[in-house]
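Enquirer: Compact mmCIF, C-alpha atoms, file target06.txt:
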```
# COMPACT_ATOMS: atom_id res chain seq x y z
CA GLY B 1 38.86 93.57 -1.51
CA TYR B 2 41.50 91.28 -2.99
CA ASP B 3 42.56 91.21 -6.62
CA ASP B 4 44.55 88.16 -7.73
CA SER B 5 45.98 88.80 -11.20
CA ARG B 6 48.02 85.63 -11.51
CA THR B 7 45.97 84.60 -14.52
CA VAL B 8 46.89 87.89 -16.16
CA TYR B 9 50.58 87.04 -15.87
CA GLU B 10 50.13 83.52 -17.26
CA ASP B 11 47.80 84.46 -20.12
CA ASP B 12 47.28 88.17 -20.64
CA VAL B 13 44.25 88.68 -22.88
CA ARG B 14 43.94 92.44 -22.35
CA ASN B 15 44.30 94.71 -25.34
CA ILE B 16 47.49 96.79 -25.32
CA ARG B 17 46.43 100.38 -24.71
CA SER B 18 49.84 102.09 -24.52
CA LYS B 19 52.97 101.10 -26.38
CA GLU B 20 56.04 102.86 -25.02
CA ASN B 21 58.75 103.45 -27.62
CA SER B 22 62.16 104.51 -26.37
CA ASP B 23 65.88 104.65 -26.98
CA ARG B 24 68.40 105.53 -24.32
CA VAL B 25 72.17 106.05 -24.48
CA SER B 26 74.63 106.73 -21.68
CA ALA B 27 78.35 107.22 -21.10
CA SER B 28 80.74 107.54 -18.15
CA LEU B 29 84.13 109.25 -17.92
CA VAL B 30 86.48 108.80 -14.95
CA PHE B 31 89.79 110.46 -14.01
CA ASP B 32 91.54 108.93 -11.00
CA TYR B 33 94.82 109.91 -9.31
CA HIS B 34 96.65 107.89 -6.66
CA GLY B 35 99.73 109.27 -4.93
CA GLU B 36 101.86 107.86 -2.10
CA PHE B 37 103.91 110.10 0.17
CA GLY B 38 106.28 107.98 2.18
CA ASP B 39 104.97 104.90 4.00
CA ILE B 40 102.28 106.76 5.92
CA LEU B 41 100.15 109.04 3.70
CA SER B 42 98.40 108.35 0.41
CA ILE B 43 95.91 110.44 -1.57
CA ASP B 44 93.22 109.38 -4.03
CA ALA B 45 91.55 112.13 -6.02
CA GLY B 46 89.69 112.52 -9.25
CA ALA B 47 86.59 113.45 -11.15
CA GLN B 48 83.72 111.45 -12.61
CA GLY B 49 81.11 112.31 -15.19
CA PHE B 50 77.97 110.51 -16.31
CA TRP B 51 75.59 111.37 -19.15
CA ARG B 52 72.36 109.75 -20.27
CA ASN B 53 69.71 110.71 -22.77
CA LEU B 54 66.25 109.21 -23.09
CA HIS B 55 63.91 109.67 -26.07
CA SER B 56 60.53 108.08 -25.50
CA ASN B 57 56.85 108.40 -26.40
CA ILE B 58 53.51 106.66 -26.16
CA ASN B 59 52.00 105.24 -29.37
CA ASN B 60 54.13 107.69 -31.40
CA ARG B 61 51.84 110.57 -30.37
CA SER B 62 53.67 113.88 -30.73
CA GLU B 63 52.18 115.33 -27.52
CA THR B 64 53.89 112.55 -25.53
CA PHE B 65 57.40 112.96 -27.01
CA ASN B 66 59.92 113.03 -24.15
CA ASP B 67 63.50 114.26 -24.64
CA TYR B 68 65.31 113.97 -21.29
CA THR B 69 69.01 114.55 -20.62
CA ASN B 70 70.80 113.92 -17.34
CA TYR B 71 74.32 115.02 -16.33
CA ARG B 72 75.90 113.72 -13.13
CA TYR B 73 79.37 114.90 -12.15
CA ASN B 74 81.61 114.99 -9.10
CA ILE B 75 85.09 115.63 -7.79
CA PHE B 76 86.49 113.73 -4.82
CA VAL B 77 89.57 113.48 -2.63
CA ASP B 78 90.43 110.81 -0.05
CA PHE B 79 93.30 110.97 2.47
CA SER B 80 94.55 107.68 3.91
CA LEU B 81 96.93 107.62 6.87
CA ASP B 82 98.54 104.34 7.98
CA TRP B 83 100.72 104.19 11.06
CA LYS B 84 101.81 100.78 12.40
CA LYS B 85 98.57 98.85 13.07
CA PHE B 86 96.24 101.85 12.85
CA GLY B 87 94.73 103.48 9.77
CA ILE B 88 92.31 106.35 9.10
CA ARG B 89 90.61 107.52 5.93
CA LEU B 90 88.93 110.91 5.41
CA GLY B 91 87.19 111.75 2.17
CA LEU B 92 84.85 114.30 0.64
CA LYS B 93 82.94 114.27 -2.63
CA GLY B 94 81.16 117.23 -4.19
CA GLU B 95 78.47 116.12 -6.61
CA GLY B 96 76.04 117.77 -9.00
CA ASN B 97 73.03 116.36 -10.82
CA THR B 98 71.39 118.24 -13.68
CA ASP B 99 68.08 117.19 -15.29
CA ILE B 100 67.09 118.83 -18.58
CA TYR B 101 63.75 118.42 -20.34
CA ARG B 102 63.48 119.84 -23.84
CA LYS B 103 59.86 120.80 -23.25
CA ASP B 104 59.48 124.18 -21.56
CA THR B 105 56.69 122.73 -19.42
CA TYR B 106 59.24 120.78 -17.36
CA GLY B 107 62.37 122.91 -17.79
CA SER B 108 65.61 121.98 -16.02
CA ARG B 109 67.14 121.89 -12.55
CA THR B 110 70.45 121.27 -10.81
CA ILE B 111 70.94 119.76 -7.33
CA LEU B 112 74.32 120.01 -5.55
CA SER B 113 75.47 117.95 -2.56
CA PHE B 114 78.54 117.16 -0.44
CA GLN B 115 79.16 113.57 0.61
CA PRO B 116 81.73 112.78 3.34
CA THR B 117 83.46 109.48 4.11
CA VAL B 118 85.20 108.49 7.37
CA GLY B 119 86.94 105.16 7.99
CA LEU B 120 89.04 103.60 10.77
CA ILE B 121 90.99 100.32 10.70
CA TRP B 122 92.95 98.32 13.27
CA LYS B 123 95.22 95.49 12.07
CA PHE B 124 95.79 92.73 14.62
CA ASP B 125 98.36 91.08 12.34
CA SER B 126 98.99 90.55 8.63
CA LYS B 127 95.77 88.50 8.22
CA ASN B 128 93.24 89.81 10.75
CA SER B 129 91.76 93.31 10.97
CA ILE B 130 88.65 95.20 12.02
CA GLN B 131 87.35 98.42 10.47
CA ALA B 132 84.49 100.87 10.89
CA SER B 133 83.21 103.44 8.39
CA TYR B 134 80.57 106.09 7.73
CA LEU B 135 79.58 107.41 4.33
CA LYS B 136 76.86 109.53 2.78
CA ARG B 137 75.65 108.95 -0.76
CA ASN B 138 72.82 109.97 -3.08
CA GLY B 139 70.48 107.58 -4.87
CA TYR B 140 68.99 108.67 -8.20
CA PRO B 141 65.63 107.68 -9.72
CA SER B 142 65.39 105.79 -12.99
CA ALA B 143 64.98 107.91 -16.12
CA TRP B 144 61.77 106.02 -16.84
CA MET B 145 60.29 106.92 -13.45
CA MET B 146 60.63 110.57 -14.50
CA ALA B 147 59.08 110.22 -17.98
CA PRO B 148 56.23 112.80 -17.88
CA TYR B 149 53.42 110.96 -19.66
CA ASP B 150 50.60 108.51 -18.95
CA ILE B 151 50.97 104.78 -19.65
CA VAL B 152 47.52 103.18 -19.86
CA TYR B 153 47.79 99.49 -19.01
CA ASP B 154 44.06 98.79 -19.29
CA ASP B 155 40.68 100.41 -18.60
CA LYS B 156 41.42 100.49 -14.88
CA THR B 157 45.17 101.12 -14.60
CA VAL B 158 47.26 104.19 -15.49
CA LEU B 159 50.93 104.87 -14.63
CA VAL B 160 52.14 108.50 -14.62
CA GLY B 161 55.83 109.46 -14.42
CA ASN B 162 57.00 112.24 -12.11
CA SER B 163 59.54 114.70 -13.55
CA GLU B 164 59.95 116.34 -10.12
CA LEU B 165 61.56 113.35 -8.38
CA ARG B 166 64.58 114.24 -6.25
CA PRO B 167 67.64 112.13 -5.33
CA SER B 168 67.39 110.23 -2.07
CA ARG B 169 70.03 110.69 0.67
CA MET B 170 71.61 107.59 2.19
CA HIS B 171 73.70 107.36 5.39
CA THR B 172 75.59 104.12 6.07
CA VAL B 173 77.57 102.94 9.11
CA SER B 174 79.49 99.66 8.78
CA VAL B 175 81.71 97.50 10.99
CA ARG B 176 83.73 94.65 9.44
CA TYR B 177 86.05 91.92 10.63
CA SER B 178 88.34 90.67 7.85
CA TYR B 179 90.55 87.64 7.46
CA GLN B 180 92.96 87.48 4.52
CA GLY B 181 94.42 84.03 4.02
CA GLU B 182 96.16 82.57 0.99
CA THR B 183 93.18 80.54 -0.22
CA VAL B 184 90.34 81.87 1.95
CA GLN B 185 89.27 85.49 2.58
CA LEU B 186 86.44 86.35 4.96
CA SER B 187 84.53 89.57 5.68
CA THR B 188 81.69 89.76 8.20
CA GLY B 189 79.90 92.35 10.30
CA PRO B 190 76.83 94.59 10.75
CA ASP B 191 75.55 97.56 8.71
CA TYR B 192 73.07 100.30 9.49
CA HIS B 193 71.44 102.33 6.68
CA HIS B 194 69.15 105.35 6.94
CA THR B 195 67.56 106.88 3.82
CA ASP B 196 65.61 110.14 3.48
CA ASP B 197 63.48 111.19 0.51
CA LEU B 198 63.33 107.65 -0.79
CA VAL B 199 61.41 107.25 -4.05
CA THR B 200 58.37 105.01 -3.67
CA ALA B 201 55.35 104.00 -5.71
CA TYR B 202 52.10 105.78 -4.83
CA GLN B 203 48.68 104.59 -5.87
CA THR B 204 45.15 105.95 -5.55
CA LEU B 205 41.78 104.40 -6.39
CA ASP B 206 38.77 106.28 -7.71
CA SER B 207 35.12 105.47 -6.99
CA ASP B 208 35.08 102.90 -9.82
CA LEU B 209 38.24 101.21 -8.46
CA GLY B 210 40.32 102.69 -11.26
CA THR B 211 44.01 102.80 -10.33
CA LEU B 212 46.36 105.77 -10.81
CA ARG B 213 50.02 104.96 -10.09
CA THR B 214 52.97 107.32 -9.85
CA TYR B 215 56.25 107.81 -7.93
CA ILE B 216 56.91 110.32 -5.15
CA ASN B 217 59.63 111.31 -2.65
CA GLY B 218 59.17 111.58 1.08
CA THR B 219 59.53 108.09 2.51
CA THR B 220 62.11 107.36 5.23
CA ALA B 221 63.62 103.89 5.50
CA ASP B 222 65.98 102.20 7.97
CA ARG B 223 67.82 98.91 7.70
CA LEU B 224 69.94 96.74 9.95
CA ALA B 225 71.94 94.07 8.14
CA TYR B 226 74.47 91.39 8.93
CA VAL B 227 76.85 90.41 6.15
CA LEU B 228 78.86 87.20 5.83
CA GLY B 229 80.91 86.90 2.67
CA GLY B 230 84.26 85.90 1.33
CA THR B 231 86.34 84.27 -1.36
CA VAL B 232 87.60 80.71 -1.78
CA SER B 233 90.45 80.36 -4.29
CA ILE B 234 90.97 77.06 -6.05
CA GLY B 235 94.51 77.13 -7.30
CA ASP B 236 95.20 79.87 -9.82
CA TRP B 237 92.19 79.13 -12.02
CA MET B 238 89.02 79.86 -10.00
CA ASP B 239 87.65 82.19 -7.31
CA ILE B 240 84.30 81.40 -5.66
CA ASP B 241 82.59 84.31 -3.84
CA PRO B 242 79.59 83.30 -1.70
CA SER B 243 77.69 85.69 0.58
CA VAL B 244 74.69 85.69 2.93
CA ILE B 245 73.02 88.92 4.04
CA ILE B 246 70.27 89.06 6.68
CA PHE B 247 68.15 92.23 6.79
CA TYR B 248 65.74 93.82 9.22
CA ASP B 249 63.91 96.72 7.55
CA TRP B 250 61.53 99.30 8.94
CA ASN B 251 60.09 102.28 7.13
CA ASN B 252 57.58 105.08 7.48
CA VAL B 253 55.30 105.47 4.45
CA PHE B 254 52.52 108.06 4.58
CA GLY B 255 52.42 107.79 8.38
CA ASN B 256 52.35 103.96 8.44
CA ARG B 257 55.26 102.05 10.00
CA ARG B 258 56.16 98.71 8.42
CA GLN B 259 58.89 96.25 9.40
CA GLY B 260 60.18 92.76 8.65
CA PHE B 261 63.10 90.32 8.17
CA TYR B 262 64.40 88.86 4.90
CA TYR B 263 67.64 87.54 3.44
CA THR B 264 69.63 87.29 0.22
CA LEU B 265 71.99 84.60 -1.05
CA GLU B 266 74.62 85.47 -3.65
CA LEU B 267 77.26 83.49 -5.50
CA SER B 268 79.77 84.62 -8.10
CA LEU B 269 82.45 82.74 -10.03
CA ASN B 270 85.65 83.96 -11.66
CA ILE B 271 87.31 81.40 -13.91
CA PHE B 272 90.79 82.35 -15.10
CA LEU B 273 91.47 80.91 -18.53
CA PRO B 274 94.67 80.87 -20.59
CA TYR B 275 95.73 83.91 -22.63
CA ASN B 276 94.62 86.38 -19.90
CA ILE B 277 90.92 85.60 -20.40
CA THR B 278 88.49 85.66 -17.45
CA LEU B 279 84.95 84.26 -17.39
CA TYR B 280 82.63 85.72 -14.73
CA THR B 281 79.04 85.08 -13.73
CA GLY B 282 76.89 85.91 -10.70
CA ALA B 283 73.58 84.59 -9.36
CA SER B 284 71.32 85.59 -6.46
CA TYR B 285 68.18 84.63 -4.54
CA GLN B 286 66.09 86.98 -2.41
CA SER B 287 63.45 85.80 0.01
CA LYS B 288 60.05 87.42 0.49
CA SER B 289 60.58 91.00 1.69
CA ILE B 290 58.63 94.10 2.64
CA SER B 291 58.42 97.04 0.24
CA MET B 292 57.41 100.63 0.81
CA THR B 293 53.71 99.89 0.21
CA GLY B 294 53.41 96.10 0.55
CA TYR B 295 55.75 93.20 0.07
CA ASN B 296 57.71 91.44 -2.68
CA LEU B 297 57.60 87.72 -3.27
CA ALA B 298 60.80 85.70 -3.53
CA SER B 299 62.91 86.19 -6.67
CA TYR B 300 66.05 84.82 -8.28
CA GLY B 301 68.29 85.60 -11.23
CA ILE B 302 71.64 85.51 -12.99
CA SER B 303 72.90 89.08 -13.14
CA THR B 304 75.48 88.83 -15.89
CA VAL B 305 77.89 86.63 -17.83
CA ASN B 306 81.16 88.38 -18.71
CA LEU B 307 84.04 87.28 -20.89
CA ARG B 308 87.05 89.56 -20.43
CA LYS B 309 90.33 89.62 -22.34
CA ASN B 310 93.25 91.55 -20.79
CA PHE B 311 96.19 92.90 -22.78
CA PRO B 312 98.82 93.42 -20.02
CA SER B 313 101.48 94.94 -22.24
CA THR B 314 99.22 97.81 -23.28
CA GLY B 315 96.99 98.17 -20.19
CA MET B 316 93.90 97.48 -22.30
CA SER B 317 91.00 95.11 -21.77
CA LEU B 318 87.93 94.10 -23.76
CA THR B 319 84.79 92.75 -22.04
CA LEU B 320 81.77 91.10 -23.66
CA SER B 321 78.74 90.96 -21.36
CA TYR B 322 75.33 89.33 -21.49
CA TRP B 323 73.36 91.24 -18.90
CA GLN B 324 70.46 89.54 -17.04
CA PRO B 325 70.26 86.27 -19.01
CA LEU B 326 67.87 84.84 -16.41
CA THR B 327 65.45 86.64 -14.09
CA SER B 328 62.36 85.42 -12.29
CA PRO B 329 59.02 87.24 -12.60
CA SER B 330 58.80 90.28 -10.34
CA ARG B 331 55.77 89.74 -8.14
CA SER B 332 54.57 92.11 -5.45
CA ILE B 333 51.55 92.80 -3.25
CA GLN B 334 50.55 96.43 -2.69
CA TYR B 335 48.23 97.87 -0.03
CA PHE B 336 46.22 100.92 -1.11
CA ASP B 337 43.10 102.44 0.47
CA GLY B 338 42.25 99.21 2.28
CA PHE B 339 42.68 97.04 -0.82
CA GLU B 340 45.30 94.36 -1.36
CA VAL B 341 46.40 94.27 -4.99
CA ALA B 342 48.54 91.50 -6.46
CA ASP B 343 50.86 93.00 -9.06
CA TYR B 344 52.46 90.38 -11.31
CA LEU B 345 55.00 92.20 -13.44
CA TYR B 346 56.39 90.60 -16.56
CA ARG B 347 59.87 89.21 -16.82
CA THR B 348 62.19 92.17 -17.13
CA ASN B 349 62.62 93.09 -20.78
CA SER B 350 66.01 94.72 -20.31
CA SER B 351 68.37 91.83 -21.10
CA ALA B 352 71.22 93.17 -23.18
CA PHE B 353 74.51 92.42 -24.84
CA MET B 354 77.22 94.94 -23.96
CA VAL B 355 80.79 95.61 -25.05
CA ARG B 356 83.19 97.44 -22.74
CA PHE B 357 86.69 98.67 -23.63
CA GLU B 358 89.12 99.92 -20.98
CA TRP B 359 92.57 101.43 -21.28
CA TYR B 360 94.70 102.07 -18.20
CA ILE B 361 97.58 104.53 -18.58
CA SER B 362 100.21 104.41 -15.84
CA GLY B 363 103.42 106.35 -15.34
CA LYS B 364 104.97 103.45 -13.40
CA LYS B 365 106.50 100.30 -14.78
CA GLN B 366 104.05 98.14 -12.84
CA LEU B 367 100.36 98.59 -13.62
CA LYS B 368 98.11 98.47 -10.58
CA ARG B 369 94.37 98.08 -11.05
CA SER B 370 91.82 99.14 -8.48
CA ASN B 371 88.07 99.57 -8.33
CA VAL B 372 86.79 103.12 -8.75
CA ARG B 373 83.14 103.84 -7.99
CA THR B 374 81.48 104.85 -11.26
CA TYR B 375 77.99 105.21 -12.65
CA PHE B 376 78.23 102.32 -15.09
CA ASP B 377 74.62 102.44 -16.11
CA THR B 378 72.09 99.60 -16.06
CA ASP B 379 68.99 101.78 -15.71
CA ALA B 380 66.13 99.97 -17.47
CA ARG B 381 62.38 99.97 -17.78
CA SER B 382 61.09 96.85 -16.02
CA ARG B 383 57.64 95.42 -16.64
```
As structure tokens, how would this structure be written, given the file I've shared?
Expert:
Amino acid sequence: GYDDSRTVYEDDVRNIRSKENSDRVSASLVFDYHGEFGDILSIDAGAQGFWRNLHSNINNRSETFNDYTNYRYNIFVDFSLDWKKFGIRLGLKGEGNTDIYRKDTYGSRTILSFQPTVGLIWKFDSKNSIQASYLKRNGYPSAWMMAPYDIVYDDKTVLVGNSELRPSRMHTVSVRYSYQGETVQLSTGPDYHHTDDLVTAYQTLDSDLGTLRTYINGTTADRLAYVLGGTVSIGDWMDIDPSVIIFYDWNNVFGNRRQGFYYTLELSLNIFLPYNITLYTGASYQSKSISMTGYNLASYGISTVNLRKNFPSTGMSLTLSYWQPLTSPSRSIQYFDGFEVADYLYRTNSSAFMVRFEWYISGKKQLKRSNVRTYFDTDARSR
């Protein structure tokens, strides 16, 4: 059978059966140390913490009240050794993830992991280099995927959260050639990703073609990718960052192997205004791609618009962000029990205005900024 629900997306006349009410707050805290020992050895170390809390319910019914708290925390150390044209980086991160449900039915749990990083670099000259790296990381499910209640979309469709979802484990190997010119920077090369315990949607149909949807672990996924990206600087007032990524994915879902090509196009702009103000925006397009249980139709969007004011004398900055001002409808086709189901999700309802304040404290006269991997949170319920 084939179910085309395009008309539902354009003009949804179904009665609303479940109204999900929720509020979610989150915070991140990062401590980072960088030390240089001569011209050869440097050490980066630190600790990171992330906290989020989700209160949610269905139709304000007390039996559906969900009070979920998540703590994510790690310590890490990276050793970098540079000698003439050769460099090596060795790193290790110990990470913990604690889920706490206030209802005794679901309880709490803690998962610990160790995540290594290895990197090698060879510099041909001051502008050209090639590097290879391996890293292991965890991927964490959305808080809403874990909400332990039923969302009834209509007489035939029910979504059930899964409070037992585990983090997925991702292994990545990358090779990059880099060119660093005055006005043009280029980075290109292949990636290989392997993921275990990937979270995927799971759907069953009853004898009346009623649909029960949930999320489960257990899928394995592999990806080969080729990345071509860089930066073009126009004077001192604009950076343009285009990129093209070509993917070949294959995965094993419930004993079925699926594979296919797709690509993404990305473009970001940094405009440097007077008075230490920077305007940033980024847009992307993704072609039709396979998913764990079907395929996704092409999509596009503007991820964010940021206006940032730096205060160099104090090491402070203030950023105003409009997150996801434009996103296309999320449209996917799912295969379940011999049926092909067209799932036309609504435009994501998670656009937001955010304010971010940063304060860098340095013991040196010159302040040096660098990117530190954090859990700056954009977890959102998408319809």
Enquirer: Leaving out Phe114 in chain B and any residue of its chain fewer than 6 positions from it, which residues lie within 10 Å of it when counting all atoms listed in the file, given as a list in words?
Expert: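 Here the qualifying residues turn out to be Asn74, Ile75, Phe76, Leu92, Lys93, Gly94, Glu95, Gly96, Lys136, Arg137 and Asn138 of chain B.
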Enquirer: Counting only C-alpha atoms, write as a list of chain:residue names all protein and nucleic acid residues lying at most 8 Å from (84.5, 99.1, 13.2) in the file's frame.
Expert: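 Returned residue set, sorted by chain then number, is B:Leu120, B:Ile121, B:Ile130, B:Gln131, B:Ala132, B:Ser133, B:Ser174, B:Val175, B:Arg176, B:Tyr177.
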Enquirer: Taking the point (90.9, 106.3, 1.7) as given in the file, collect each protein or nucleic acid residue that comes within 10 Å of it, counting all atoms listed in the file, and present the set as number ranges by chain.
Expert: B: 41-45, 77-81, 87-91, 117-120
Enquirer: Between B:Thr157, B:Ser168, B:Asn128, B:Thr319, single out the one closest to Ile111 in chain B, counting only C-alpha atoms.
Expert: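 Of all the options, B:Ser168 lies closest to Ile111 in chain B.
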Enquirer: Any idea what's packed within 10 Å of Tyr149 in chain B, counting only C-alpha atoms, ignoring anything in its chain fewer than 3 positions away? Could you give it as a ChimeraX atom specification?
Expert: /B:56-58,63-66,146,152,159-163
Enquirer: Give me the box for range 237-242 of chain B as lines of an AutoDock Vina configuration file, namely the centre and edge lengths in Å to one decimal of a box along x, y and z that holds every listed atom plus 3 Å on each side.
Expert:
```
center_x = 85.9
center_y = 81.7
center_z = -6.9
size_x = 18.6
size_y = 11.2
size_z = 16.3
```
Enquirer: Complete the atoms of range 318-327 of chain B to all heavy atoms and put them out as a PDB file, keeping the file's coordinate frame.
Expert:
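Output saved as selection07.pdb:
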```
ATOM      1  N   LEU B 318      89.168  94.139 -22.990  1.00  0.00           N
ATOM      2  CA  LEU B 318      87.930  94.100 -23.760  1.00  0.00           C
ATOM      3  C   LEU B 318      86.987  93.117 -23.062  1.00  0.00           C
ATOM      4  O   LEU B 318      87.356  91.965 -22.797  1.00  0.00           O
ATOM      5  CB  LEU B 318      88.193  93.651 -25.189  1.00  0.00           C
ATOM      6  CG  LEU B 318      86.966  93.533 -26.104  1.00  0.00           C
ATOM      7  CD1 LEU B 318      86.333  94.909 -26.330  1.00  0.00           C
ATOM      8  CD2 LEU B 318      87.347  92.881 -27.428  1.00  0.00           C
ATOM      9  N   THR B 319      85.762  93.577 -22.753  1.00  0.00           N
ATOM     10  CA  THR B 319      84.790  92.750 -22.040  1.00  0.00           C
ATOM     11  C   THR B 319      83.515  92.627 -22.867  1.00  0.00           C
ATOM     12  O   THR B 319      82.951  93.629 -23.320  1.00  0.00           O
ATOM     13  CB  THR B 319      84.441  93.357 -20.673  1.00  0.00           C
ATOM     14  OG1 THR B 319      85.635  93.519 -19.903  1.00  0.00           O
ATOM     15  CG2 THR B 319      83.478  92.466 -19.912  1.00  0.00           C
ATOM     16  N   LEU B 320      83.054  91.395 -23.041  1.00  0.00           N
ATOM     17  CA  LEU B 320      81.770  91.100 -23.660  1.00  0.00           C
ATOM     18  C   LEU B 320      80.833  90.625 -22.562  1.00  0.00           C
ATOM     19  O   LEU B 320      81.164  89.704 -21.808  1.00  0.00           O
ATOM     20  CB  LEU B 320      81.920  90.022 -24.739  1.00  0.00           C
ATOM     21  CG  LEU B 320      82.970  90.265 -25.821  1.00  0.00           C
ATOM     22  CD1 LEU B 320      83.002  89.097 -26.799  1.00  0.00           C
ATOM     23  CD2 LEU B 320      82.699  91.571 -26.551  1.00  0.00           C
ATOM     24  N   SER B 321      79.658  91.256 -22.457  1.00  0.00           N
ATOM     25  CA  SER B 321      78.740  90.960 -21.360  1.00  0.00           C
ATOM     26  C   SER B 321      77.344  90.634 -21.884  1.00  0.00           C
ATOM     27  O   SER B 321      76.847  91.305 -22.796  1.00  0.00           O
ATOM     28  CB  SER B 321      78.625  92.164 -20.407  1.00  0.00           C
ATOM     29  OG  SER B 321      79.867  92.478 -19.842  1.00  0.00           O
ATOM     30  N   TYR B 322      76.761  89.614 -21.288  1.00  0.00           N
ATOM     31  CA  TYR B 322      75.330  89.330 -21.490  1.00  0.00           C
ATOM     32  C   TYR B 322      74.664  89.628 -20.166  1.00  0.00           C
ATOM     33  O   TYR B 322      74.849  88.922 -19.180  1.00  0.00           O
ATOM     34  CB  TYR B 322      75.124  87.882 -21.906  1.00  0.00           C
ATOM     35  CG  TYR B 322      73.679  87.529 -22.218  1.00  0.00           C
ATOM     36  CD1 TYR B 322      72.766  88.492 -22.633  1.00  0.00           C
ATOM     37  CD2 TYR B 322      73.235  86.217 -22.093  1.00  0.00           C
ATOM     38  CE1 TYR B 322      71.458  88.168 -22.924  1.00  0.00           C
ATOM     39  CE2 TYR B 322      71.913  85.877 -22.379  1.00  0.00           C
ATOM     40  CZ  TYR B 322      71.032  86.865 -22.789  1.00  0.00           C
ATOM     41  OH  TYR B 322      69.721  86.536 -23.061  1.00  0.00           O
ATOM     42  N   TRP B 323      73.919  90.713 -20.143  1.00  0.00           N
ATOM     43  CA  TRP B 323      73.360  91.240 -18.900  1.00  0.00           C
ATOM     44  C   TRP B 323      71.964  90.657 -18.667  1.00  0.00           C
ATOM     45  O   TRP B 323      71.108  90.662 -19.537  1.00  0.00           O
ATOM     46  CB  TRP B 323      73.313  92.764 -18.968  1.00  0.00           C
ATOM     47  CG  TRP B 323      72.813  93.423 -17.741  1.00  0.00           C
ATOM     48  CD1 TRP B 323      73.310  93.284 -16.480  1.00  0.00           C
ATOM     49  CD2 TRP B 323      71.706  94.327 -17.643  1.00  0.00           C
ATOM     50  NE1 TRP B 323      72.596  94.046 -15.601  1.00  0.00           N
ATOM     51  CE2 TRP B 323      71.598  94.698 -16.292  1.00  0.00           C
ATOM     52  CE3 TRP B 323      70.818  94.854 -18.565  1.00  0.00           C
ATOM     53  CZ2 TRP B 323      70.628  95.576 -15.845  1.00  0.00           C
ATOM     54  CZ3 TRP B 323      69.850  95.728 -18.118  1.00  0.00           C
ATOM     55  CH2 TRP B 323      69.758  96.085 -16.776  1.00  0.00           C
ATOM     56  N   GLN B 324      71.728  90.127 -17.455  1.00  0.00           N
ATOM     57  CA  GLN B 324      70.460  89.540 -17.040  1.00  0.00           C
ATOM     58  C   GLN B 324      69.971  88.444 -17.991  1.00  0.00           C
ATOM     59  O   GLN B 324      68.874  88.534 -18.551  1.00  0.00           O
ATOM     60  CB  GLN B 324      69.384  90.632 -16.896  1.00  0.00           C
ATOM     61  CG  GLN B 324      69.582  91.482 -15.657  1.00  0.00           C
ATOM     62  CD  GLN B 324      68.384  92.375 -15.361  1.00  0.00           C
ATOM     63  OE1 GLN B 324      67.659  92.795 -16.269  1.00  0.00           O
ATOM     64  NE2 GLN B 324      68.169  92.669 -14.107  1.00  0.00           N
ATOM     65  N   PRO B 325      70.738  87.367 -18.164  1.00  0.00           N
ATOM     66  CA  PRO B 325      70.260  86.270 -19.010  1.00  0.00           C
ATOM     67  C   PRO B 325      69.104  85.498 -18.400  1.00  0.00           C
ATOM     68  O   PRO B 325      68.351  84.846 -19.121  1.00  0.00           O
ATOM     69  CB  PRO B 325      71.502  85.383 -19.159  1.00  0.00           C
ATOM     70  CG  PRO B 325      72.316  85.669 -17.938  1.00  0.00           C
ATOM     71  CD  PRO B 325      72.096  87.118 -17.641  1.00  0.00           C
ATOM     72  N   LEU B 326      68.960  85.559 -17.065  1.00  0.00           N
ATOM     73  CA  LEU B 326      67.870  84.840 -16.410  1.00  0.00           C
ATOM     74  C   LEU B 326      67.359  85.657 -15.235  1.00  0.00           C
ATOM     75  O   LEU B 326      68.135  86.036 -14.351  1.00  0.00           O
ATOM     76  CB  LEU B 326      68.352  83.477 -15.901  1.00  0.00           C
ATOM     77  CG  LEU B 326      67.349  82.685 -15.052  1.00  0.00           C
ATOM     78  CD1 LEU B 326      66.139  82.287 -15.900  1.00  0.00           C
ATOM     79  CD2 LEU B 326      68.019  81.465 -14.432  1.00  0.00           C
ATOM     80  N   THR B 327      66.075  85.967 -15.227  1.00  0.00           N
ATOM     81  CA  THR B 327      65.450  86.640 -14.090  1.00  0.00           C
ATOM     82  C   THR B 327      64.076  86.044 -13.864  1.00  0.00           C
ATOM     83  O   THR B 327      63.367  85.708 -14.814  1.00  0.00           O
ATOM     84  CB  THR B 327      65.296  88.159 -14.322  1.00  0.00           C
ATOM     85  OG1 THR B 327      64.577  88.374 -15.547  1.00  0.00           O
ATOM     86  CG2 THR B 327      66.640  88.841 -14.400  1.00  0.00           C
TER      87      THR B 327
END
```
